[in-house]
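So this one's entry_11.cif, mmCIF, C-alpha atoms and all ligand atoms:
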```cif
data_input
#
loop_
_atom_site.label_atom_id
_atom_site.label_comp_id
_atom_site.auth_asym_id
_atom_site.auth_seq_id
_atom_site.Cartn_x
_atom_site.Cartn_y
_atom_site.Cartn_z
CA MET N 224 -17.64 71.84 88.52
CA LEU N 225 -20.35 69.21 88.82
CA PHE N 226 -24.06 69.34 88.38
CA CYS N 227 -25.93 66.75 90.35
CA GLY N 228 -29.45 65.72 91.18
CA LYS N 229 -32.61 66.49 89.25
CA LYS N 230 -32.38 70.25 89.77
CA LEU N 231 -28.79 70.55 88.45
CA HIS N 232 -27.43 72.32 91.51
CA PHE N 233 -23.83 73.56 91.58
CA MET N 234 -21.29 71.44 93.46
CA PRO N 235 -18.02 73.33 94.05
CA THR N 236 -14.72 71.45 93.96
CA VAL N 237 -11.77 71.62 96.37
CA LEU N 238 -8.25 70.47 95.41
CA ILE N 239 -6.18 69.27 98.39
CA LEU N 240 -2.42 69.06 97.75
CA GLY N 241 -0.64 66.71 100.17
CA ALA N 242 -3.88 64.82 100.78
CA ALA N 243 -2.41 61.96 102.82
CA SER N 244 -1.56 64.21 105.74
CA ASP N 245 -3.62 64.02 108.90
CA MET N 246 -4.65 67.64 108.49
CA ALA N 247 -5.61 67.08 104.86
CA VAL N 248 -7.84 64.13 105.77
CA ALA N 249 -9.70 66.32 108.28
CA ILE N 250 -9.94 69.12 105.69
CA ALA N 251 -11.28 66.70 103.05
CA LYS N 252 -14.00 65.49 105.45
CA LYS N 253 -14.96 69.05 106.36
CA PHE N 254 -15.33 70.22 102.75
CA ALA N 255 -17.11 67.00 101.73
CA SER N 256 -19.58 67.52 104.59
CA LYS N 257 -20.31 70.97 103.16
CA GLY N 258 -21.15 69.62 99.71
CA TYR N 259 -17.83 69.98 97.89
CA ALA N 260 -16.49 67.50 95.37
CA VAL N 261 -12.98 66.61 96.55
CA GLN N 262 -9.76 66.15 94.56
CA LEU N 263 -7.14 64.37 96.68
CA ALA N 264 -3.60 64.91 95.36
CA ALA N 265 -0.72 62.99 96.94
CA ARG N 266 2.20 60.67 96.36
CA ASN N 267 1.15 57.00 96.04
CA VAL N 268 -2.42 58.15 96.00
CA GLN N 269 -3.94 54.65 95.75
CA ARG N 270 -3.51 54.38 99.54
CA LEU N 271 -6.28 56.99 99.82
CA GLN N 272 -8.94 54.65 98.41
CA PRO N 273 -10.39 53.95 101.89
CA LEU N 274 -10.78 57.73 102.43
CA GLN N 275 -12.38 58.03 98.99
CA SER N 276 -14.94 55.34 99.91
CA ASP N 277 -15.51 56.88 103.32
CA LEU N 278 -16.28 60.30 101.80
CA ALA N 279 -18.65 58.71 99.28
CA ILE N 280 -20.55 56.73 101.94
CA ARG N 281 -20.72 59.45 104.56
CA PHE N 282 -21.24 62.55 102.41
CA ASN N 283 -22.31 61.19 99.01
CA THR N 284 -19.50 63.22 97.49
CA THR N 285 -17.44 62.71 94.34
CA THR N 286 -13.75 62.17 95.19
CA THR N 287 -10.95 62.00 92.64
CA LEU N 288 -7.50 60.56 93.42
CA LEU N 289 -4.59 62.36 91.71
CA GLU N 290 -0.90 61.47 91.72
CA PHE N 291 1.10 64.53 92.83
CA ASP N 292 4.68 65.10 93.98
CA ALA N 293 5.50 68.59 95.27
CA LEU N 294 9.16 68.08 94.33
CA ASN N 295 8.44 67.21 90.70
CA PHE N 296 8.28 70.87 89.72
CA ASN N 297 8.25 70.23 85.97
CA SER N 298 5.05 68.20 86.28
CA HIS N 299 3.02 70.88 88.06
CA GLU N 300 1.70 72.73 85.02
CA SER N 301 0.56 69.55 83.25
CA PHE N 302 -0.86 68.22 86.54
CA PHE N 303 -3.14 71.24 86.90
CA ASN N 304 -3.97 71.51 83.19
CA SER N 305 -5.04 67.86 83.13
CA LEU N 306 -7.67 68.27 85.85
CA ALA N 307 -11.05 67.42 84.34
CA ALA N 308 -12.80 69.84 86.68
CA LYS N 309 -10.93 72.94 87.78
CA PRO N 310 -11.31 73.47 91.56
CA GLU N 311 -12.88 76.61 93.00
CA VAL N 312 -10.68 76.18 96.09
CA THR N 313 -7.07 74.92 96.21
CA ILE N 314 -5.49 74.09 99.56
CA CYS N 315 -1.73 73.52 99.83
CA VAL N 316 -1.20 71.24 102.83
CA PHE N 317 1.99 69.29 102.14
CA GLY N 318 5.08 70.04 104.19
CA TYR N 319 8.20 68.50 105.65
CA LEU N 320 9.47 69.22 109.16
CA GLY N 321 12.79 67.40 108.71
CA ASP N 322 15.52 67.18 111.30
CA ASN N 323 17.16 70.51 112.07
CA GLU N 324 20.21 68.90 113.66
CA VAL N 325 20.78 66.67 110.64
CA ALA N 326 20.17 69.58 108.27
CA ARG N 327 22.99 71.61 109.87
CA THR N 328 25.52 69.35 108.19
CA SER N 329 23.44 67.61 105.50
CA TRP N 330 22.61 69.68 102.42
CA THR N 331 20.35 66.84 101.27
CA GLU N 332 18.16 67.31 104.35
CA THR N 333 18.29 71.12 104.17
CA GLU N 334 17.36 71.10 100.50
CA LYS N 335 14.43 68.74 101.08
CA ILE N 336 13.07 71.04 103.79
CA ILE N 337 13.38 74.13 101.58
CA GLN N 338 12.13 72.47 98.40
CA THR N 339 9.10 70.86 100.03
CA ASN N 340 7.91 73.74 102.19
CA TYR N 341 8.81 76.62 99.88
CA THR N 342 9.84 75.81 96.29
CA GLY N 343 7.25 73.06 95.75
CA ALA N 344 4.45 75.18 97.15
CA VAL N 345 5.43 78.21 95.06
CA SER N 346 5.77 76.08 91.94
CA ILE N 347 2.25 74.62 92.05
CA LEU N 348 0.53 77.73 93.44
CA ASN N 349 2.00 79.91 90.67
CA VAL N 350 0.19 77.67 88.17
CA VAL N 351 -3.07 77.61 90.14
CA SER N 352 -3.13 81.36 90.88
CA ASN N 353 -2.35 82.33 87.28
CA TYR N 354 -5.35 80.24 86.21
CA TYR N 355 -7.56 81.89 88.86
CA ALA N 356 -6.35 85.33 87.72
CA THR N 357 -7.56 84.65 84.16
CA ARG N 358 -10.88 83.42 85.54
CA LYS N 359 -11.14 86.35 88.01
CA SER N 360 -12.21 84.02 90.81
CA GLY N 361 -10.98 81.24 93.07
CA THR N 362 -9.43 80.69 96.48
CA VAL N 363 -5.86 79.64 97.27
CA ALA N 364 -5.22 78.55 100.86
CA GLY N 365 -1.76 77.69 102.16
CA ILE N 366 -0.89 75.93 105.41
CA SER N 367 2.21 77.74 106.61
CA SER N 368 3.33 77.81 110.26
CA VAL N 369 4.00 80.13 113.18
CA ALA N 370 7.52 78.63 113.00
CA GLY N 371 8.07 81.04 110.11
CA GLU N 372 7.50 84.14 112.23
CA ARG N 373 10.83 84.11 114.04
CA GLY N 374 13.84 81.86 113.51
CA ARG N 375 14.76 79.68 116.48
CA GLN N 376 17.82 77.48 116.87
CA SER N 377 15.74 74.30 117.20
CA ASN N 378 13.97 74.54 113.81
CA TYR N 379 15.24 77.45 111.73
CA MET N 380 15.63 75.36 108.55
CA TYR N 381 11.91 74.51 108.51
CA GLY N 382 11.02 77.91 109.99
CA SER N 383 12.88 79.85 107.31
CA ALA N 384 11.21 77.84 104.52
CA LYS N 385 7.80 78.51 106.09
CA ALA N 386 8.75 82.21 106.47
CA GLY N 387 9.33 82.28 102.73
CA PHE N 388 5.99 80.58 102.12
CA THR N 389 4.17 83.02 104.42
CA ALA N 390 5.74 85.98 102.56
CA TYR N 391 4.82 84.37 99.23
CA LEU N 392 1.17 84.03 100.28
CA SER N 393 1.13 87.64 101.51
CA GLY N 394 2.52 88.93 98.21
CA LEU N 395 0.18 86.72 96.20
CA ARG N 396 -2.79 88.06 98.19
CA ASN N 397 -1.66 91.60 97.43
CA ARG N 398 -1.35 90.84 93.70
CA MET N 399 -4.59 88.84 93.47
CA PHE N 400 -6.81 91.33 95.30
CA ARG N 401 -7.49 93.22 92.06
CA GLU N 402 -8.05 89.96 90.19
CA GLY N 403 -10.93 88.90 92.45
CA VAL N 404 -8.90 85.95 93.78
CA HIS N 405 -8.89 85.15 97.49
CA VAL N 406 -5.63 84.08 99.17
CA LEU N 407 -5.79 82.65 102.69
CA SER N 408 -2.79 82.06 104.97
CA ILE N 409 -3.27 79.47 107.72
CA GLN N 410 -0.85 79.79 110.66
CA PRO N 411 -1.09 76.73 112.91
CA GLY N 412 0.86 76.49 116.13
CA PHE N 413 1.30 72.91 117.33
CA VAL N 414 -1.03 70.26 115.87
CA TYR N 415 -1.30 66.57 116.79
CA THR N 416 -0.33 64.79 113.54
CA ARG N 417 2.16 62.26 112.16
CA MET N 418 4.63 65.15 111.79
CA THR N 419 4.72 65.82 115.52
CA GLU N 420 3.99 62.34 116.95
CA ASN N 421 7.45 62.09 118.53
CA LEU N 422 7.46 65.59 120.01
CA PRO N 423 6.34 66.36 123.59
CA LEU N 424 3.65 68.94 122.77
CA PRO N 425 1.93 71.05 125.46
CA ALA N 426 -1.71 69.93 125.41
CA LEU N 427 -3.13 73.39 126.07
CA LEU N 428 -1.37 74.91 123.08
CA THR N 429 -1.91 72.02 120.67
CA ALA N 430 -4.77 71.73 118.19
CA GLN N 431 -6.41 68.66 116.66
CA PRO N 432 -6.42 68.31 112.85
CA GLU N 433 -10.21 68.88 112.92
CA GLN N 434 -9.65 72.33 114.45
CA VAL N 435 -7.34 73.18 111.56
CA ALA N 436 -10.00 71.91 109.13
CA ASN N 437 -12.64 74.14 110.74
CA ALA N 438 -10.27 77.12 110.59
CA VAL N 439 -9.52 76.51 106.91
CA TYR N 440 -13.18 76.10 105.99
CA GLY N 441 -14.20 79.18 108.01
CA GLY N 442 -11.36 81.20 106.47
CA VAL N 443 -12.41 80.21 102.95
CA ILE N 444 -16.10 80.97 103.48
CA LYS N 445 -15.48 84.28 105.30
CA LYS N 446 -12.71 85.27 102.86
CA LYS N 447 -10.22 85.84 105.67
CA ASN N 448 -6.63 86.86 104.98
CA VAL N 449 -4.76 85.20 107.86
CA VAL N 450 -6.10 82.66 110.36
CA TYR N 451 -4.24 81.36 113.42
CA VAL N 452 -4.99 77.90 114.87
CA LYS N 453 -5.54 78.20 117.83
CA TRP N 454 -6.41 81.93 117.95
CA PHE N 455 -4.05 82.74 120.84
CA TRP N 456 -1.00 81.82 118.70
CA ARG N 457 -1.31 85.26 117.10
CA TRP N 458 -0.60 86.79 120.52
CA ILE N 459 2.05 84.25 121.52
CA MET N 460 3.93 85.09 118.32
CA PHE N 461 3.38 88.82 118.89
CA ILE N 462 5.18 88.47 122.23
CA ILE N 463 7.93 86.26 120.79
CA LYS N 464 8.51 88.75 117.95
CA SER N 465 8.66 91.61 120.45
CA VAL N 466 11.66 90.20 122.35
CA PRO N 467 14.69 92.32 121.39
CA GLU N 468 17.30 90.46 119.34
CA PHE N 469 20.10 91.00 121.90
CA MET N 470 17.97 89.04 124.41
CA PHE N 471 16.43 86.59 121.93
CA LYS N 472 19.80 85.28 120.75
CA LYS N 473 20.65 84.22 124.33
CA LEU N 474 17.48 82.13 124.76
CA LYS N 475 17.45 78.37 124.17
CA LEU N 476 14.41 78.04 121.93
N1 LIG N 501 1.77 69.33 112.87
C1 LIG N 501 2.08 70.56 113.26
O1 LIG N 501 2.30 70.84 114.47
C2 LIG N 501 2.14 71.67 112.24
C3 LIG N 501 2.21 72.98 112.71
C4 LIG N 501 2.25 74.03 111.80
C5 LIG N 501 2.18 73.75 110.45
N2 LIG N 501 2.12 72.46 110.01
C6 LIG N 501 2.03 72.23 108.57
O2 LIG N 501 0.81 71.57 108.30
C7 LIG N 501 0.91 70.86 107.07
C8 LIG N 501 0.39 69.46 107.24
O3 LIG N 501 1.26 68.74 108.07
P1 LIG N 501 0.79 67.63 109.10
O4 LIG N 501 1.07 68.15 110.44
O5 LIG N 501 -0.60 67.16 108.75
O6 LIG N 501 1.88 66.52 108.87
P2 LIG N 501 1.94 65.17 108.06
O7 LIG N 501 0.80 64.28 108.43
O8 LIG N 501 3.34 64.69 108.22
O9 LIG N 501 1.71 65.63 106.56
C9 LIG N 501 2.69 66.10 105.71
C10 LIG N 501 2.26 65.65 104.33
O10 LIG N 501 3.07 66.30 103.36
C11 LIG N 501 3.24 65.36 102.34
N3 LIG N 501 4.41 65.59 101.52
C12 LIG N 501 5.69 65.75 101.92
N4 LIG N 501 6.49 65.86 100.85
C13 LIG N 501 5.69 65.76 99.75
C14 LIG N 501 5.93 65.79 98.36
N5 LIG N 501 7.16 65.93 97.87
N6 LIG N 501 4.88 65.69 97.53
C15 LIG N 501 3.63 65.52 98.01
N7 LIG N 501 3.33 65.46 99.32
C16 LIG N 501 4.36 65.59 100.18
C17 LIG N 501 3.42 64.02 103.04
O11 LIG N 501 3.17 63.01 102.11
P3 LIG N 501 3.44 61.47 102.38
O12 LIG N 501 2.24 61.01 103.15
O13 LIG N 501 3.55 60.90 101.01
O14 LIG N 501 4.72 61.38 103.18
C18 LIG N 501 2.38 64.15 104.16
O15 LIG N 501 1.16 63.57 103.77
C19 LIG N 501 2.38 70.95 106.66
O16 LIG N 501 2.55 71.96 105.70
C20 LIG N 501 3.06 71.33 107.96
O17 LIG N 501 4.29 71.97 107.72
C21 LIG N 501 2.09 71.42 110.87
#
```
Any chance you could put this one into structure tokens?
Amino acid sequence: MLFCGKKLHFMPTVLILGAASDMAVAIAKKFASKGYAVQLAARNVQRLQPLQSDLAIRFNTTTTLLEFDALNFNSHESFFNSLAAKPEVTICVFGYLGDNEVARTSWTETEKIIQTNYTGAVSILNVVSNYYATRKSGTVAGISSVAGERGRQSNYMYGSAKAGFTAYLSGLRNRMFREGVHVLSIQPGFVYTRMTENLPLPALLTAQPEQVANAVYGGVIKKKNVVYVKWFWRWIMFIIKSVPEFMFKKLKL
């Protein structure tokens, strides 16, 4: 929490976990433009100094750089406890697509996919949400994926980890409702980022990171439960989930 200017007006804080991602950069700019102080948490966080300066120049915002590794589970409690200002909003952006083909025979790759997308997210969000529960306020937003809505042969390692994360967010929302804590699930379809730069994505179905940022900000402000980016992915997934299993297993997806 910061008080700034002569009139001591309240400046809320957003914590962005996985802040070096293309989506996270867009999210940081969006929240900074709306008057939030920004905490950028990432591995090798010094590389985010240009973003820190950019946010300061463009939005006159306070930005803090924080070293954070989603896989260093034992550090998560002390990481959050050591924050000088506790954020009103925490957004979990980090993720790892991995290589599904490699993961079929490499436990190292499979484990990294599961640990990054599921275990790491649960580890840090348990700490954050328990704090919000004691305070009876706060927002937790998680970037999951439509890939978690039905397993497909091309990416079921990543998809199953995101399915776990989506179910975690749903359960957390159910628990936190009575605590006055808001939990938002973001379900992007395809997004143009570093993660997908080598994939041939269909332009009509693919969002820009800025569209994800707008969806996250809108979801936080309107206290939404689940937001799809782009909106029609909700209906695409509805159709995909409706295909009977005896047919689905024969498809090459
Ligand atoms: N792009 C899509 O089409 C798409 C669709 C649906 C959902 N998503 C999800 O959207 C989120 C953002 O991804 P993106 O598309 O913006 O891809 P991205 O640019 O590749 O970002 C992924 C970020 O996760 C960070 N990360 C990975 N492991 C980490 C760890 N152990 N500790 C801390 N940070 C770690 C990476 O950090 P480094 O920079 O240090 O490598 C990277 O900045 C992810 O959760 C992804 O699964 C993406």
Surrounding residues of Tyr319 in chain N excluding itself and chain neighbours under 6 positions, 9 Å, only C-alpha atoms, as an MDAnalysis selection string = chainID N and resid 335:337 339:340 381 418
Pull C-alpha atoms from the residues just selected and write them as a PDB file, in the frame of the given file.
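Resulting contents of result01.pdb:
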```pdb
ATOM      1  CA  LYS N 335      14.430  68.740 101.080  1.00  0.00           C
ATOM      2  CA  ILE N 336      13.070  71.040 103.790  1.00  0.00           C
ATOM      3  CA  ILE N 337      13.380  74.130 101.580  1.00  0.00           C
ATOM      4  CA  THR N 339       9.100  70.860 100.030  1.00  0.00           C
ATOM      5  CA  ASN N 340       7.910  73.740 102.190  1.00  0.00           C
ATOM      6  CA  TYR N 381      11.910  74.510 108.510  1.00  0.00           C
ATOM      7  CA  MET N 418       4.630  65.150 111.790  1.00  0.00           C
TER       8      MET N 418
END
```
message = Taking all atoms listed in the file and a cut-off of 7 Å, can you tell me which residues surround ligand LIG 501 (chain N), written as a PyMOL selection string?
response = chain N and resi 240-247+265-267+291-294+316-320+339-340+366-369+410-419
Selection from above, C-alpha atoms, as a compact mmCIF listing (two decimals), in the coordinates of the input, can you write it?
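File written: selection.txt
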```txt
# COMPACT_ATOMS: atom_id res chain seq x y z
CA LEU N 240 -2.42 69.06 97.75
CA GLY N 241 -0.64 66.71 100.17
CA ALA N 242 -3.88 64.82 100.78
CA ALA N 243 -2.41 61.96 102.82
CA SER N 244 -1.56 64.21 105.74
CA ASP N 245 -3.62 64.02 108.90
CA MET N 246 -4.65 67.64 108.49
CA ALA N 247 -5.61 67.08 104.86
CA ALA N 265 -0.72 62.99 96.94
CA ARG N 266 2.20 60.67 96.36
CA ASN N 267 1.15 57.00 96.04
CA PHE N 291 1.10 64.53 92.83
CA ASP N 292 4.68 65.10 93.98
CA ALA N 293 5.50 68.59 95.27
CA LEU N 294 9.16 68.08 94.33
CA VAL N 316 -1.20 71.24 102.83
CA PHE N 317 1.99 69.29 102.14
CA GLY N 318 5.08 70.04 104.19
CA TYR N 319 8.20 68.50 105.65
CA LEU N 320 9.47 69.22 109.16
CA THR N 339 9.10 70.86 100.03
CA ASN N 340 7.91 73.74 102.19
CA ILE N 366 -0.89 75.93 105.41
CA SER N 367 2.21 77.74 106.61
CA SER N 368 3.33 77.81 110.26
CA VAL N 369 4.00 80.13 113.18
CA GLN N 410 -0.85 79.79 110.66
CA PRO N 411 -1.09 76.73 112.91
CA GLY N 412 0.86 76.49 116.13
CA PHE N 413 1.30 72.91 117.33
CA VAL N 414 -1.03 70.26 115.87
CA TYR N 415 -1.30 66.57 116.79
CA THR N 416 -0.33 64.79 113.54
CA ARG N 417 2.16 62.26 112.16
CA MET N 418 4.63 65.15 111.79
CA THR N 419 4.72 65.82 115.52
```
ask   = Any idea what's packed within 7 Å of Lys359 in chain N, counting all atoms listed in the file, ignoring anything in its chain fewer than 6 positions away? Could you give it as a list in words?
value =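 In the requested form, the answer reads Glu402, Gly403 and Val404 of chain N.
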key: Given only C-alpha atoms as the counted atoms, nearest of N:Glu290, N:Val466, N:Arg327, N:Arg457 to Tyr379 in chain N   =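 Going through N:Glu290, N:Val466, N:Arg327, N:Arg457 one by one, the smallest distance to Tyr379 in chain N is for N:Arg327.
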message = Using only C-alpha atoms, can you tell me which of N:Thr285, N:Gln431, N:Asn378, N:Ser301 comes closest to Leu263 in chain N?
response =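 When distances to Leu263 in chain N are compared using only C-alpha atoms, the smallest one comes from N:Thr285.
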Option closest in space to Ser256 in chain N, from N:Asn437, N:Thr287, N:Gln338, N:Thr357 [counting only C-alpha atoms] =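 Smallest separation from Ser256 in chain N among the options: N:Asn437.
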task = Quick one: pull the distance between CA of Pro235 in chain N and CA of Ser346 in chain N, Å, one decimal.
result =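 Rounded to one decimal, the two atoms are 24.0 Å apart.
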d(CA of Phe254 in chain N, CA of Asn421 in chain N) in Å =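 Interatomic distance here is 28.9 Å.
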request  = Excluding Val237 in chain N and residues on its chain fewer than 5 positions from it, collect all residues at most 12 Å away from it, counting all atoms listed in the file, and give them as a PyMOL selection string.
outcome  = chain N and resi 224-225+242+247+250-255+257-264+284-287+306+308-315+361-364+439-440+443
task = May I ask which of the residues N:Gly365, N:Glu300, N:Ser393, N:Glu334 is the closest one to Asn349 in chain N, counting all atoms listed in the file?
result =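 Ranked by minimum distance to Asn349 in chain N, first place goes to N:Glu300.
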key: Distance in Å - CA of Gln275 in chain N versus CA of Gln434 in chain N   =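 Between CA of Gln275 in chain N and CA of Gln434 in chain N the gap works out to 21.2 Å.
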